[in-house]
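**Student:** Just so it is clear, I am handing over input.cif, which has mmCIF, C-alpha atoms and all ligand atoms.
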```cif
data_coords
loop_
_atom_site.group_PDB
_atom_site.id
_atom_site.type_symbol
_atom_site.label_atom_id
_atom_site.label_comp_id
_atom_site.auth_asym_id
_atom_site.auth_seq_id
_atom_site.Cartn_x
_atom_site.Cartn_y
_atom_site.Cartn_z
ATOM 1 C CA MET D 1 92.564 124.675 131.264
ATOM 2 C CA ASN D 2 96.187 125.812 130.987
ATOM 3 C CA LEU D 3 97.757 126.738 134.319
ATOM 4 C CA VAL D 4 101.069 127.776 135.825
ATOM 5 C CA PHE D 5 101.644 126.831 139.478
ATOM 6 C CA LEU D 6 103.941 129.364 141.128
ATOM 7 C CA GLY D 7 105.316 129.444 144.647
ATOM 8 C CA PRO D 8 108.363 128.586 146.724
ATOM 9 C CA PRO D 9 109.719 125.051 146.892
ATOM 10 C CA GLY D 10 107.739 123.053 149.442
ATOM 11 C CA ALA D 11 104.501 125.008 148.988
ATOM 12 C CA GLY D 12 102.707 121.879 147.744
ATOM 13 C CA LYS D 13 102.484 122.754 144.047
ATOM 14 C CA GLY D 14 103.518 119.292 142.887
ATOM 15 C CA THR D 15 101.127 117.420 145.155
ATOM 16 C CA GLN D 16 98.153 119.534 144.088
ATOM 17 C CA ALA D 17 99.164 119.559 140.419
ATOM 18 C CA LYS D 18 99.373 115.750 140.336
ATOM 19 C CA MET D 19 95.900 115.416 141.853
ATOM 20 C CA ILE D 20 94.087 117.941 139.652
ATOM 21 C CA ALA D 21 95.842 116.863 136.460
ATOM 22 C CA ALA D 22 94.818 113.242 137.091
ATOM 23 C CA GLN D 23 91.207 114.254 137.843
ATOM 24 C CA GLU D 24 90.849 116.510 134.820
ATOM 25 C CA GLY D 25 92.947 114.578 132.291
ATOM 26 C CA TRP D 26 95.444 117.430 131.941
ATOM 27 C CA ALA D 27 99.184 116.957 131.500
ATOM 28 C CA HIS D 28 101.235 117.586 134.650
ATOM 29 C CA ILE D 29 104.484 119.169 133.502
ATOM 30 C CA SER D 30 106.884 119.288 136.424
ATOM 31 C CA THR D 31 110.275 120.518 135.281
ATOM 32 C CA GLY D 32 111.818 119.199 138.519
ATOM 33 C CA ASP D 33 110.409 115.691 137.850
ATOM 34 C CA MET D 34 111.601 115.834 134.238
ATOM 35 C CA LEU D 35 115.095 116.803 135.346
ATOM 36 C CA ARG D 36 115.229 114.117 138.055
ATOM 37 C CA ALA D 37 114.179 111.512 135.463
ATOM 38 C CA ALA D 38 116.903 112.801 133.125
ATOM 39 C CA VAL D 39 119.529 112.542 135.886
ATOM 40 C CA LYS D 40 118.388 108.993 136.693
ATOM 41 C CA ALA D 41 118.542 108.007 133.018
ATOM 42 C CA GLY D 42 122.021 109.559 132.685
ATOM 43 C CA SER D 43 120.922 111.534 129.604
ATOM 44 C CA GLU D 44 122.714 114.595 128.211
ATOM 45 C CA LEU D 45 120.118 116.859 129.906
ATOM 46 C CA GLY D 46 120.570 114.976 133.190
ATOM 47 C CA ASN D 47 124.336 115.332 133.070
ATOM 48 C CA GLN D 48 124.026 119.064 132.508
ATOM 49 C CA ALA D 49 121.412 119.537 135.232
ATOM 50 C CA GLN D 50 122.834 117.374 138.000
ATOM 51 C CA GLU D 51 125.297 119.803 139.562
ATOM 52 C CA PHE D 52 122.927 122.772 139.519
ATOM 53 C CA MET D 53 120.210 120.695 141.170
ATOM 54 C CA ALA D 54 122.435 119.332 143.927
ATOM 55 C CA LYS D 55 123.335 122.909 144.928
ATOM 56 C CA GLY D 56 119.782 124.215 144.668
ATOM 57 C CA GLU D 57 120.726 126.475 141.740
ATOM 58 C CA LEU D 58 118.654 127.022 138.613
ATOM 59 C CA ILE D 59 119.403 125.252 135.336
ATOM 60 C CA PRO D 60 120.190 127.806 132.561
ATOM 61 C CA ASP D 61 117.106 129.400 130.998
ATOM 62 C CA SER D 62 117.931 128.407 127.407
ATOM 63 C CA LEU D 63 118.014 124.721 128.334
ATOM 64 C CA MET D 64 114.811 124.830 130.392
ATOM 65 C CA CYS D 65 112.883 126.812 127.769
ATOM 66 C CA ALA D 66 113.791 124.304 125.055
ATOM 67 C CA VAL D 67 112.712 121.366 127.255
ATOM 68 C CA VAL D 68 109.343 122.944 128.098
ATOM 69 C CA GLY D 69 108.757 124.154 124.524
ATOM 70 C CA ASP D 70 109.130 120.571 123.267
ATOM 71 C CA ARG D 71 106.975 119.155 126.057
ATOM 72 C CA LEU D 72 104.062 121.517 125.353
ATOM 73 C CA ARG D 73 103.972 120.247 121.758
ATOM 74 C CA GLU D 74 103.329 116.647 122.849
ATOM 75 C CA PRO D 75 99.843 115.236 122.167
ATOM 76 C CA ASP D 76 98.855 114.703 125.832
ATOM 77 C CA CYS D 77 98.943 118.495 126.329
ATOM 78 C CA SER D 78 96.018 119.082 123.980
ATOM 79 C CA LYS D 79 93.352 118.796 126.754
ATOM 80 C CA GLY D 80 95.106 121.205 129.086
ATOM 81 C CA TRP D 81 98.204 121.292 131.276
ATOM 82 C CA ILE D 82 99.695 122.440 134.534
ATOM 83 C CA LEU D 83 103.215 123.818 134.462
ATOM 84 C CA ASP D 84 104.688 123.075 137.894
ATOM 85 C CA GLY D 85 108.029 124.748 138.605
ATOM 86 C CA PHE D 86 108.195 126.686 135.331
ATOM 87 C CA PRO D 87 108.602 129.572 134.678
ATOM 88 C CA ARG D 88 111.084 130.348 137.441
ATOM 89 C CA THR D 89 112.678 133.495 135.960
ATOM 90 C CA GLN D 90 111.460 136.503 133.986
ATOM 91 C CA VAL D 91 113.294 135.195 130.895
ATOM 92 C CA GLN D 92 111.428 131.878 131.190
ATOM 93 C CA ALA D 93 108.089 133.706 131.588
ATOM 94 C CA ASP D 94 108.745 135.793 128.460
ATOM 95 C CA ARG D 95 109.809 132.737 126.473
ATOM 96 C CA LEU D 96 106.696 130.901 127.646
ATOM 97 C CA ASP D 97 104.549 133.743 126.285
ATOM 98 C CA GLU D 98 106.306 133.442 122.925
ATOM 99 C CA THR D 99 105.876 129.659 122.832
ATOM 100 C CA LEU D 100 102.177 129.901 123.691
ATOM 101 C CA ALA D 101 101.643 132.566 121.029
ATOM 102 C CA SER D 102 103.338 130.370 118.431
ATOM 103 C CA LEU D 103 101.110 127.428 119.411
ATOM 104 C CA ASP D 104 98.005 129.654 119.493
ATOM 105 C CA LEU D 105 97.428 128.786 123.156
ATOM 106 C CA LYS D 106 96.629 130.960 126.127
ATOM 107 C CA LEU D 107 97.441 130.738 129.793
ATOM 108 C CA ASP D 108 94.222 130.745 131.842
ATOM 109 C CA HIS D 109 95.699 131.395 135.282
ATOM 110 C CA CYS D 110 98.853 131.512 137.299
ATOM 111 C CA VAL D 111 98.059 129.983 140.700
ATOM 112 C CA TYR D 112 100.305 131.409 143.400
ATOM 113 C CA PHE D 113 100.759 129.192 146.469
ATOM 114 C CA HIS D 114 101.277 131.556 149.403
ATOM 115 C CA ILE D 115 102.848 130.120 152.580
ATOM 116 C CA GLY D 116 104.964 131.211 155.596
ATOM 117 C CA ARG D 117 108.709 130.632 155.421
ATOM 118 C CA GLU D 118 109.078 128.597 158.682
ATOM 119 C CA ILE D 119 106.549 126.023 157.473
ATOM 120 C CA LEU D 120 108.487 125.576 154.235
ATOM 121 C CA VAL D 121 111.796 124.624 155.809
ATOM 122 C CA SER D 122 110.178 121.978 158.009
ATOM 123 C CA ARG D 123 108.079 120.668 155.124
ATOM 124 C CA LEU D 124 111.075 120.315 152.827
ATOM 125 C CA THR D 125 113.548 118.860 155.284
ATOM 126 C CA GLY D 126 111.029 116.150 156.328
ATOM 127 C CA ARG D 127 109.961 115.365 152.791
ATOM 128 C CA LEU D 128 110.137 111.799 151.449
ATOM 129 C CA THR D 129 109.804 111.259 147.704
ATOM 130 C CA CYS D 130 108.907 108.046 145.883
ATOM 131 C CA LYS D 131 111.562 106.744 143.466
ATOM 132 C CA GLY D 132 108.817 105.111 141.426
ATOM 133 C CA CYS D 133 105.968 107.603 140.936
ATOM 134 C CA GLY D 134 107.393 110.799 142.454
ATOM 135 C CA ALA D 135 104.649 111.084 145.119
ATOM 136 C CA ASN D 136 105.611 113.081 148.198
ATOM 137 C CA PHE D 137 105.167 112.111 151.854
ATOM 138 C CA HIS D 138 106.392 113.743 155.060
ATOM 139 C CA SER D 139 108.062 112.033 157.986
ATOM 140 C CA GLN D 140 105.688 113.753 160.436
ATOM 141 C CA ALA D 141 102.845 115.494 158.629
ATOM 142 C CA LEU D 142 102.073 112.831 156.027
ATOM 143 C CA PRO D 143 103.845 109.562 156.886
ATOM 144 C CA PRO D 144 103.445 106.597 154.517
ATOM 145 C CA GLU D 145 101.445 103.629 155.814
ATOM 146 C CA GLN D 146 104.588 101.480 155.789
ATOM 147 C CA ASP D 147 108.003 102.962 156.612
ATOM 148 C CA GLY D 148 110.014 103.783 153.489
ATOM 149 C CA VAL D 149 107.381 102.457 151.058
ATOM 150 C CA CYS D 150 105.090 104.461 148.772
ATOM 151 C CA ASP D 151 101.339 104.056 149.479
ATOM 152 C CA HIS D 152 100.521 104.389 145.778
ATOM 153 C CA CYS D 153 103.014 102.187 143.908
ATOM 154 C CA ASP D 154 105.098 100.390 146.605
ATOM 155 C CA GLY D 155 108.150 102.299 145.322
ATOM 156 C CA GLU D 156 111.057 103.099 147.626
ATOM 157 C CA LEU D 157 110.949 106.465 149.450
ATOM 158 C CA TYR D 158 114.071 108.614 149.655
ATOM 159 C CA VAL D 159 115.189 112.087 150.764
ATOM 160 C CA ARG D 160 116.005 114.203 147.704
ATOM 161 C CA VAL D 161 119.592 115.407 147.720
ATOM 162 C CA ASP D 162 118.307 118.988 147.425
ATOM 163 C CA ASP D 163 116.041 118.568 150.473
ATOM 164 C CA GLN D 164 119.050 118.732 152.862
ATOM 165 C CA GLU D 165 118.721 121.832 155.068
ATOM 166 C CA GLU D 166 121.581 123.889 153.574
ATOM 167 C CA THR D 167 120.384 123.307 150.018
ATOM 168 C CA VAL D 168 116.801 124.037 151.059
ATOM 169 C CA ARG D 169 117.902 127.452 152.347
ATOM 170 C CA ASN D 170 119.699 128.135 149.068
ATOM 171 C CA ARG D 171 116.633 127.098 147.037
ATOM 172 C CA LEU D 172 114.517 129.563 149.033
ATOM 173 C CA LYS D 173 117.098 132.319 148.432
ATOM 174 C CA VAL D 174 117.103 131.549 144.694
ATOM 175 C CA TYR D 175 113.292 131.679 144.739
ATOM 176 C CA ASP D 176 113.354 135.124 146.403
ATOM 177 C CA GLU D 177 115.949 136.473 143.984
ATOM 178 C CA SER D 178 114.726 135.039 140.677
ATOM 179 C CA THR D 179 111.166 133.742 140.889
ATOM 180 C CA ALA D 180 109.143 135.829 143.375
ATOM 181 C CA GLU D 181 108.971 138.769 140.939
ATOM 182 C CA LEU D 182 106.729 136.662 138.692
ATOM 183 C CA ILE D 183 103.884 137.080 141.203
ATOM 184 C CA ASP D 184 103.596 140.760 140.178
ATOM 185 C CA PHE D 185 104.170 139.927 136.532
ATOM 186 C CA TYR D 186 101.103 137.655 136.372
ATOM 187 C CA ASP D 187 99.089 139.843 138.757
ATOM 188 C CA GLN D 188 99.521 142.884 136.515
ATOM 189 C CA ARG D 189 98.123 140.891 133.618
ATOM 190 C CA GLY D 190 95.060 139.881 135.656
ATOM 191 C CA ARG D 191 96.066 136.219 135.537
ATOM 192 C CA LEU D 192 96.927 135.621 139.210
ATOM 193 C CA LEU D 193 94.915 133.424 141.585
ATOM 194 C CA ARG D 194 96.329 133.376 145.105
ATOM 195 C CA ILE D 195 95.697 130.482 147.442
ATOM 196 C CA GLU D 196 96.732 129.986 151.053
ATOM 197 C CA ALA D 197 98.891 126.868 150.946
ATOM 198 C CA ASP D 198 99.093 125.989 154.646
ATOM 199 C CA GLY D 199 96.944 123.151 156.008
ATOM 200 C CA THR D 200 96.440 119.585 154.899
ATOM 201 C CA VAL D 201 96.581 118.340 151.300
ATOM 202 C CA GLU D 202 92.775 118.013 151.349
ATOM 203 C CA GLU D 203 92.217 121.545 152.716
ATOM 204 C CA VAL D 204 94.487 123.167 150.137
ATOM 205 C CA GLY D 205 92.958 121.002 147.386
ATOM 206 C CA ALA D 206 89.452 122.164 148.350
ATOM 207 C CA ARG D 207 90.539 125.839 148.318
ATOM 208 C CA LEU D 208 92.171 125.411 144.955
ATOM 209 C CA ALA D 209 89.173 123.641 143.399
ATOM 210 C CA ALA D 210 86.863 126.402 144.687
ATOM 211 C CA GLN D 211 89.093 129.159 143.264
ATOM 212 C CA LEU D 212 89.308 127.480 139.877
ATOM 213 C CA ARG D 213 85.554 126.887 139.823
ATOM 214 C CA ASP D 214 84.819 130.546 140.593
ATOM 215 C CA SER D 215 87.468 131.987 138.273
HETATM 216 P P1 LIG A 301 111.595 121.307 141.908
HETATM 217 O O1 LIG A 301 111.311 119.849 141.960
HETATM 218 O O2 LIG A 301 110.589 122.083 141.104
HETATM 219 O O3 LIG A 301 111.820 121.908 143.280
HETATM 220 O O4 LIG A 301 112.975 121.473 141.108
HETATM 221 C C1 LIG A 301 114.175 120.874 141.577
HETATM 222 C C2 LIG A 301 115.384 121.558 140.945
HETATM 223 O O5 LIG A 301 115.323 121.417 139.521
HETATM 224 C C3 LIG A 301 115.481 123.051 141.176
HETATM 225 O O6 LIG A 301 116.055 123.378 142.428
HETATM 226 C C4 LIG A 301 116.371 123.473 139.993
HETATM 227 O O7 LIG A 301 117.715 123.111 140.225
HETATM 228 C C5 LIG A 301 115.835 122.583 138.883
HETATM 229 N N1 LIG A 301 114.702 123.236 138.152
HETATM 230 C C6 LIG A 301 113.407 122.815 138.106
HETATM 231 N N2 LIG A 301 112.664 123.633 137.353
HETATM 232 C C7 LIG A 301 113.491 124.607 136.894
HETATM 233 C C8 LIG A 301 113.316 125.764 136.087
HETATM 234 N N3 LIG A 301 112.117 126.103 135.603
HETATM 235 N N4 LIG A 301 114.405 126.526 135.842
HETATM 236 C C9 LIG A 301 115.616 126.211 136.311
HETATM 237 N N5 LIG A 301 115.858 125.152 137.101
HETATM 238 C C10 LIG A 301 114.809 124.347 137.402
#
```
Could you take the file, read its structure, and then write that structure out as structure tokens?

**Tutor:**
Amino acid sequence: MNLVFLGPPGAGKGTQAKMIAAQEGWAHISTGDMLRAAVKAGSELGNQAQEFMAKGELIPDSLMCAVVGDRLREPDCSKGWILDGFPRTQVQADRLDETLASLDLKLDHCVYFHIGREILVSRLTGRLTCKGCGANFHSQALPPEQDGVCDHCDGELYVRVDDQEETVRNRLKVYDESTAELIDFYDQRGRLLRIEADGTVEEVGARLAAQLRDS
């Protein structure tokens, strides 16, 4: 299956995408993870992205579209994929359509993670991310077994620079201004599945699996 996960930052897209992709053998394409890896590696892409990310702004469309276009051509995408965090603008959505047409692929669904705004701010500002595998924890809602250490790979947990409260508020504003319109875009094409994204990881995962099964 080929899926886009859409929703505000902190809605749980990455957590759910990682789980389903691993279960189904699909590629999990998180543009945020790719950019963070590029920043860490000090690559050309990382150098270009770093400042935008620290402020919670979007990386220019042309750059993002090229990165995702290349990624979708890699062999591990042949069994299916989940795009997590892309598209984020109408230009990116249009370019994605063109790329899929050129690869003779179709998008099965866009899964929209719906969640109240207050929950998002507290989720994001308490979020702890693993430096090793990228898994997310939460200081209150989903604490790791051992302080500061990832349950999955023993990697070190850290607070992402863009999870500071001021940047979080800017990321939500950017989402409202540039990304939220894609909900209607995919809905009008009959591609939208909406899930309620509040509750535990297991609850949301069960809702998502049921929706995908019935779709
Ligand atoms: P995320 O991990 O998806 O919240 O992404 C973290 C940051 O990476 C965002 O706040 C943007 O600065 C950048 N980013 C990720 N995906 C995109 C995208 N599709 N378009 C532009 N910028 C992006």

**Student:** So which one's closest to D:Leu45, D:Glu203, D:Leu63, D:Glu57, D:Cys130? Using all atoms listed in the file, please.

**Tutor:** D:Leu63

**Student:** Determine the residue membership of the PyMOL selection byres (((chain D and resi 118-121) around 7) and not hetatm) for the file above and supply it as number ranges by chain.

**Tutor:** D: 10-11, 116-117, 122-125, 168

**Student:** Please check which protein, DNA or RNA residues sit within 6 Å of ligand LIG 301 (chain A), counting only C-alpha atoms and all ligand atoms, and write them as a list in words.

**Tutor:**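 After applying the 6 Å limit, what remains is Pro9, Thr31, Gly32, Asp33, Phe52, Met53, Gly56, Glu57, Leu58, Ile59, Met64, Gly85, Phe86, Pro87, Arg88 and Arg171 of chain D.
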
**Student:** What does the PyMOL selection byres (((chain D and resi 107) around 10) and not hetatm) select in this file, as a PyMOL selection string?

**Tutor:** chain D and resi 1-4+80-82+96-97+100-101+105-106+108-110+191

**Student:** Can you list, as a list in words, every protein, DNA or RNA residue that comes within 10 Å of stretch 154-159 of chain D when you count only C-alpha atoms, leaving out same-chain residues fewer than 3 positions away?

**Tutor:** Leu124, Thr125, Gly126, Arg127, Leu128, Thr129, Cys130, Lys131, Gly132, Cys133, Gly134, Ala135, Asn136, Phe137, His138, Pro144, Gln146, Asp147, Gly148, Val149, Cys150, Asp151, Asp162, Asp163 and Gln164 of chain D

**Student:** Using the chain letters and numbers from the file, give me the residues hit by the PyMOL selection byres (((chain D and resi 184-187) around 10) and not hetatm), as a ChimeraX atom specification.

**Tutor:** /D:4,6,90,93,109-112,180-183,188-194

**Student:** Include C-alpha atoms and write out the residues we just selected as a short mmCIF file (atom, residue, chain, number, x, y, z; two decimals), in the frame of the given file.

**Tutor:**
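Below you can see part-v9.cif, which holds the result:
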```
data_model
loop_
_atom_site.label_atom_id
_atom_site.label_comp_id
_atom_site.auth_asym_id
_atom_site.auth_seq_id
_atom_site.Cartn_x
_atom_site.Cartn_y
_atom_site.Cartn_z
CA VAL D 4 101.07 127.78 135.82
CA LEU D 6 103.94 129.36 141.13
CA GLN D 90 111.46 136.50 133.99
CA ALA D 93 108.09 133.71 131.59
CA HIS D 109 95.70 131.40 135.28
CA CYS D 110 98.85 131.51 137.30
CA VAL D 111 98.06 129.98 140.70
CA TYR D 112 100.30 131.41 143.40
CA ALA D 180 109.14 135.83 143.38
CA GLU D 181 108.97 138.77 140.94
CA LEU D 182 106.73 136.66 138.69
CA ILE D 183 103.88 137.08 141.20
CA GLN D 188 99.52 142.88 136.51
CA ARG D 189 98.12 140.89 133.62
CA GLY D 190 95.06 139.88 135.66
CA ARG D 191 96.07 136.22 135.54
CA LEU D 192 96.93 135.62 139.21
CA LEU D 193 94.92 133.42 141.58
CA ARG D 194 96.33 133.38 145.10
#
```

**Student:** Just the number, please: distance in Å from atom CA of D:Gln92 to atom CA of D:Asp61, one decimal.

**Tutor:** 6.2 Å

**Student:** Would you mind putting back all heavy atoms on stretch 61-72 of chain D, then writing it out as an mmCIF file, in the coordinates of the input?

**Tutor:**
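In the end it all went to result.cif:
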```
data_model
loop_
_atom_site.group_PDB
_atom_site.id
_atom_site.type_symbol
_atom_site.label_atom_id
_atom_site.label_comp_id
_atom_site.auth_asym_id
_atom_site.auth_seq_id
_atom_site.Cartn_x
_atom_site.Cartn_y
_atom_site.Cartn_z
ATOM 1 N N ASP D 61 118.411 129.146 131.630
ATOM 2 C CA ASP D 61 117.106 129.400 130.998
ATOM 3 C C ASP D 61 116.979 128.766 129.611
ATOM 4 O O ASP D 61 115.939 128.208 129.280
ATOM 5 C CB ASP D 61 116.890 130.917 130.851
ATOM 6 C CG ASP D 61 116.610 131.582 132.195
ATOM 7 O OD1 ASP D 61 116.054 130.905 133.079
ATOM 8 O OD2 ASP D 61 116.944 132.769 132.343
ATOM 9 N N SER D 62 118.044 128.885 128.798
ATOM 10 C CA SER D 62 117.931 128.407 127.407
ATOM 11 C C SER D 62 117.602 126.917 127.375
ATOM 12 O O SER D 62 116.750 126.464 126.602
ATOM 13 C CB SER D 62 119.233 128.674 126.658
ATOM 14 O OG SER D 62 120.295 128.091 127.375
ATOM 15 N N LEU D 63 118.235 126.169 128.266
ATOM 16 C CA LEU D 63 118.014 124.721 128.334
ATOM 17 C C LEU D 63 116.585 124.419 128.779
ATOM 18 O O LEU D 63 115.863 123.622 128.164
ATOM 19 C CB LEU D 63 119.033 124.147 129.331
ATOM 20 C CG LEU D 63 119.301 122.662 129.329
ATOM 21 C CD1 LEU D 63 119.748 122.221 127.948
ATOM 22 C CD2 LEU D 63 120.403 122.335 130.355
ATOM 23 N N MET D 64 116.156 125.089 129.845
ATOM 24 C CA MET D 64 114.811 124.830 130.392
ATOM 25 C C MET D 64 113.720 125.206 129.400
ATOM 26 O O MET D 64 112.724 124.500 129.261
ATOM 27 C CB MET D 64 114.583 125.651 131.674
ATOM 28 C CG MET D 64 115.263 125.190 132.899
ATOM 29 S SD MET D 64 115.251 123.422 133.191
ATOM 30 C CE MET D 64 113.552 122.980 133.129
ATOM 31 N N CYS D 65 113.916 126.344 128.708
ATOM 32 C CA CYS D 65 112.883 126.812 127.769
ATOM 33 C C CYS D 65 112.733 125.831 126.611
ATOM 34 O O CYS D 65 111.623 125.552 126.155
ATOM 35 C CB CYS D 65 113.224 128.208 127.250
ATOM 36 S SG CYS D 65 113.110 129.440 128.550
ATOM 37 N N ALA D 66 113.861 125.274 126.158
ATOM 38 C CA ALA D 66 113.791 124.304 125.055
ATOM 39 C C ALA D 66 113.052 123.042 125.515
ATOM 40 O O ALA D 66 112.194 122.509 124.797
ATOM 41 C CB ALA D 66 115.199 123.960 124.589
ATOM 42 N N VAL D 67 113.349 122.582 126.725
ATOM 43 C CA VAL D 67 112.712 121.366 127.255
ATOM 44 C C VAL D 67 111.198 121.568 127.354
ATOM 45 O O VAL D 67 110.406 120.732 126.913
ATOM 46 C CB VAL D 67 113.305 121.023 128.654
ATOM 47 C CG1 VAL D 67 112.477 119.969 129.367
ATOM 48 C CG2 VAL D 67 114.751 120.560 128.522
ATOM 49 N N VAL D 68 110.783 122.699 127.905
ATOM 50 C CA VAL D 68 109.343 122.944 128.098
ATOM 51 C C VAL D 68 108.651 123.199 126.752
ATOM 52 O O VAL D 68 107.533 122.720 126.525
ATOM 53 C CB VAL D 68 109.111 124.116 129.083
ATOM 54 C CG1 VAL D 68 107.651 124.519 129.144
ATOM 55 C CG2 VAL D 68 109.600 123.718 130.474
ATOM 56 N N GLY D 69 109.331 123.911 125.853
ATOM 57 C CA GLY D 69 108.757 124.154 124.524
ATOM 58 C C GLY D 69 108.438 122.840 123.823
ATOM 59 O O GLY D 69 107.351 122.658 123.259
ATOM 60 N N ASP D 70 109.361 121.885 123.893
ATOM 61 C CA ASP D 70 109.130 120.571 123.267
ATOM 62 C C ASP D 70 107.987 119.833 123.961
ATOM 63 O O ASP D 70 107.135 119.220 123.325
ATOM 64 C CB ASP D 70 110.389 119.684 123.369
ATOM 65 C CG ASP D 70 111.503 120.168 122.451
ATOM 66 O OD1 ASP D 70 111.215 121.016 121.576
ATOM 67 O OD2 ASP D 70 112.647 119.719 122.629
ATOM 68 N N ARG D 71 107.987 119.908 125.280
ATOM 69 C CA ARG D 71 106.975 119.155 126.057
ATOM 70 C C ARG D 71 105.555 119.636 125.751
ATOM 71 O O ARG D 71 104.625 118.836 125.637
ATOM 72 C CB ARG D 71 107.296 119.315 127.561
ATOM 73 C CG ARG D 71 106.382 118.568 128.504
ATOM 74 C CD ARG D 71 106.547 117.070 128.407
ATOM 75 N NE ARG D 71 105.564 116.362 129.217
ATOM 76 C CZ ARG D 71 104.342 116.029 128.794
ATOM 77 N NH1 ARG D 71 103.953 116.328 127.571
ATOM 78 N NH2 ARG D 71 103.514 115.372 129.591
ATOM 79 N N LEU D 72 105.410 120.963 125.600
ATOM 80 C CA LEU D 72 104.062 121.517 125.353
ATOM 81 C C LEU D 72 103.515 121.113 123.983
ATOM 82 O O LEU D 72 102.315 121.222 123.736
ATOM 83 C CB LEU D 72 104.092 123.054 125.461
ATOM 84 C CG LEU D 72 104.172 123.610 126.874
ATOM 85 C CD1 LEU D 72 104.433 125.107 126.844
ATOM 86 C CD2 LEU D 72 102.897 123.317 127.660
#
```
